[in-house]
Each structure stands twice: as C-alpha cells, then as structure tokens.
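Peer 1: Below you will find the structure I want to go over with you.
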Amino acid sequence: MLDEERLQRNKKWLEDERARLKSELDCMSPAMDEQERPGYGTHLADSASQVFEQTKNLAVCQHLRRTLEEVNRALEKMDKGIYRVCDRCHGPVDPARLKALPYATLCKACQERLEVVTRPRRKR
C-alpha cells in the first residue's frame, strides 16, 4: 500500500516535474517560432538539416506536452483522492509502479493491453 509519506513525495515530485516540463516547453516554443522555413537556403543539404531539426524539435515538444498532460492528470487524481485507482479497470495501481512512475494512471495489466493495441504492426 502507498503510505501517506510516499504519497506526499510523489505529489512533490509531480509538482516539480510539472514545473520542469512547463519551463522546457516555454524555452522551446520561441525557438520553434524563430526557425527558418526550410527550402530557402542556398544548399539542399542545409534545407535537409533544417527539416530534420524541426521534425526532431516538434517530436520533443509533443512528448513534453503528452508527459505534462499525464503529470497533470495524476495531480488531478490526487486532489480527487483516486490517485491509486486505474483509469480503465478501476482496480488498484501497484504502489511499486507509482513509486517508479508517479504519473502512471493505469495498472500494469491495462497499460500492457494498451501497448499491444497501439503497437505498430511489422510488415511481413
């Protein structure tokens, strides 16, 4: 069971993580806006490098936003008193899982089912 001390440590970690994620997103947003439009450089290789960097930065921003949403959801669940409850099956989320990943909102079984469903299929 997740004791009160662990719950408070998780809450502190989630709040710190939320601040860190917001800070990173704030730093990345102006950089994304200032990047040159690809295709207007003097060399094709320069344009390809710019496209690669923009694509990479966009993926990083999307990951940060998704993680921020998960952190906010976990904090919301704490406020409602349902932090340890799986969003899908409404069963308990293992305390060891919450210790390792404080923003986990699914139990291990539901997370595994989700990953199987969303995993890209390999071509044969």
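A note on labels: chains of the structure tokens are A, B, ... as shown, every chain counts residues from 1, and ligands are counted from 1 in their shown order.
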For Lys11 in chain A, find every residue with an atom within 12 Å (counting only C-alpha atoms), except residues of its own chain fewer than 4 positions away, and show them as a list in words.
Peer 2: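 Near neighbours after the sequence-gap exclusion: Glu4, Glu5, Arg6, Leu7, Glu15, Asp16, Glu17, Arg18, Val71, Asn72, Arg73, Ala74, Leu75, Glu76, Lys77, Met78, Asp79, Tyr83, Leu98, Lys99, Leu101, Pro102 and Tyr103 of chain A.
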Peer 1: DSSP says alpha helix (DSSP H) for which residues of chain A? Put them as number ranges by chain?
Peer 2: A: 4-34, 44-80, 95-100, 108-118
Peer 1: For Ala104 in chain A, which residue among A:Arg9, A:Lys80, A:Glu70, A:Cys89 is the nearest when counting only C-alpha atoms?
Peer 2: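 Checking each candidate against Ala104 in chain A, we get A:Glu70 as the closest.
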Peer 1: Skip Leu58 in chain A itself and residues of its chain fewer than 5 positions away, then list as a list in words all residues within 10 Å of it, counting only C-alpha atoms.
Peer 2: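 Surrounding residues, per the criterion: Met28, Ser29, Met32, Phe52, Glu53, His63 and Leu64 of chain A.
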Peer 1: Could you take the residues named above and write them with N, CA and C atoms, as a PDB file, in the first residue's frame?
Peer 2:
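After the write, part20.pdb holds the following:
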ATOM      1  N   MET A  28      11.345  26.068 -25.528  1.00  0.00           N
ATOM      2  CA  MET A  28      11.336  25.518 -26.885  1.00  0.00           C
ATOM      3  C   MET A  28      10.407  26.285 -27.819  1.00  0.00           C
ATOM      4  N   SER A  29       9.326  26.809 -27.311  1.00  0.00           N
ATOM      5  CA  SER A  29       8.338  27.470 -28.169  1.00  0.00           C
ATOM      6  C   SER A  29       8.926  28.633 -28.967  1.00  0.00           C
ATOM      7  N   MET A  32      11.170  27.339 -31.722  1.00  0.00           N
ATOM      8  CA  MET A  32      10.423  26.746 -32.838  1.00  0.00           C
ATOM      9  C   MET A  32       9.886  27.846 -33.764  1.00  0.00           C
ATOM     10  N   PHE A  52      15.183  18.237 -40.667  1.00  0.00           N
ATOM     11  CA  PHE A  52      15.450  17.234 -39.643  1.00  0.00           C
ATOM     12  C   PHE A  52      15.346  17.847 -38.254  1.00  0.00           C
ATOM     13  N   GLU A  53      15.990  18.990 -38.026  1.00  0.00           N
ATOM     14  CA  GLU A  53      15.962  19.653 -36.721  1.00  0.00           C
ATOM     15  C   GLU A  53      14.544  20.059 -36.327  1.00  0.00           C
ATOM     16  N   HIS A  63       6.212  15.162 -27.112  1.00  0.00           N
ATOM     17  CA  HIS A  63       6.474  14.267 -25.983  1.00  0.00           C
ATOM     18  C   HIS A  63       6.354  15.029 -24.660  1.00  0.00           C
ATOM     19  N   LEU A  64       6.917  16.226 -24.607  1.00  0.00           N
ATOM     20  CA  LEU A  64       6.839  17.038 -23.386  1.00  0.00           C
ATOM     21  C   LEU A  64       5.386  17.376 -23.054  1.00  0.00           C
TER      22      LEU A  64
END
Peer 1: Calculated over only C-alpha atoms, which of the candidates A:Val117, A:Leu68, A:Val85, A:Ala100 has the smallest distance to Lys22 in chain A?
Peer 2: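 Answer, going by the shortest atom-to-atom distance: A:Leu68.
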Peer 1: Can you pull out every residue within 10 Å of Leu25 in chain A, counting only C-alpha atoms, but drop anything in the same chain fewer than 6 positions away, and send it as a short mmCIF file (atom, residue, chain, number, x, y, z; two decimals) with C-alpha atoms, in the first residue's frame?
Peer 2:
data_model
loop_
_atom_site.label_atom_id
_atom_site.label_comp_id
_atom_site.auth_asym_id
_atom_site.auth_seq_id
_atom_site.Cartn_x
_atom_site.Cartn_y
_atom_site.Cartn_z
CA ALA A 19 7.29 23.00 -13.39
CA VAL A 60 10.32 16.54 -28.45
CA CYS A 61 7.62 19.20 -27.90
CA GLN A 62 4.85 16.65 -28.47
CA LEU A 64 6.84 17.04 -23.39
CA ARG A 65 3.19 18.07 -23.84
CA LEU A 68 2.75 17.22 -18.94
#
Peer 1: Please measure the separation of CA of Val116 in chain A and CA of Pro92 in chain A, giving the value in Å to one decimal.
Peer 2: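 According to the coordinates, CA of Val116 in chain A and CA of Pro92 in chain A are separated by 20.8 Å.
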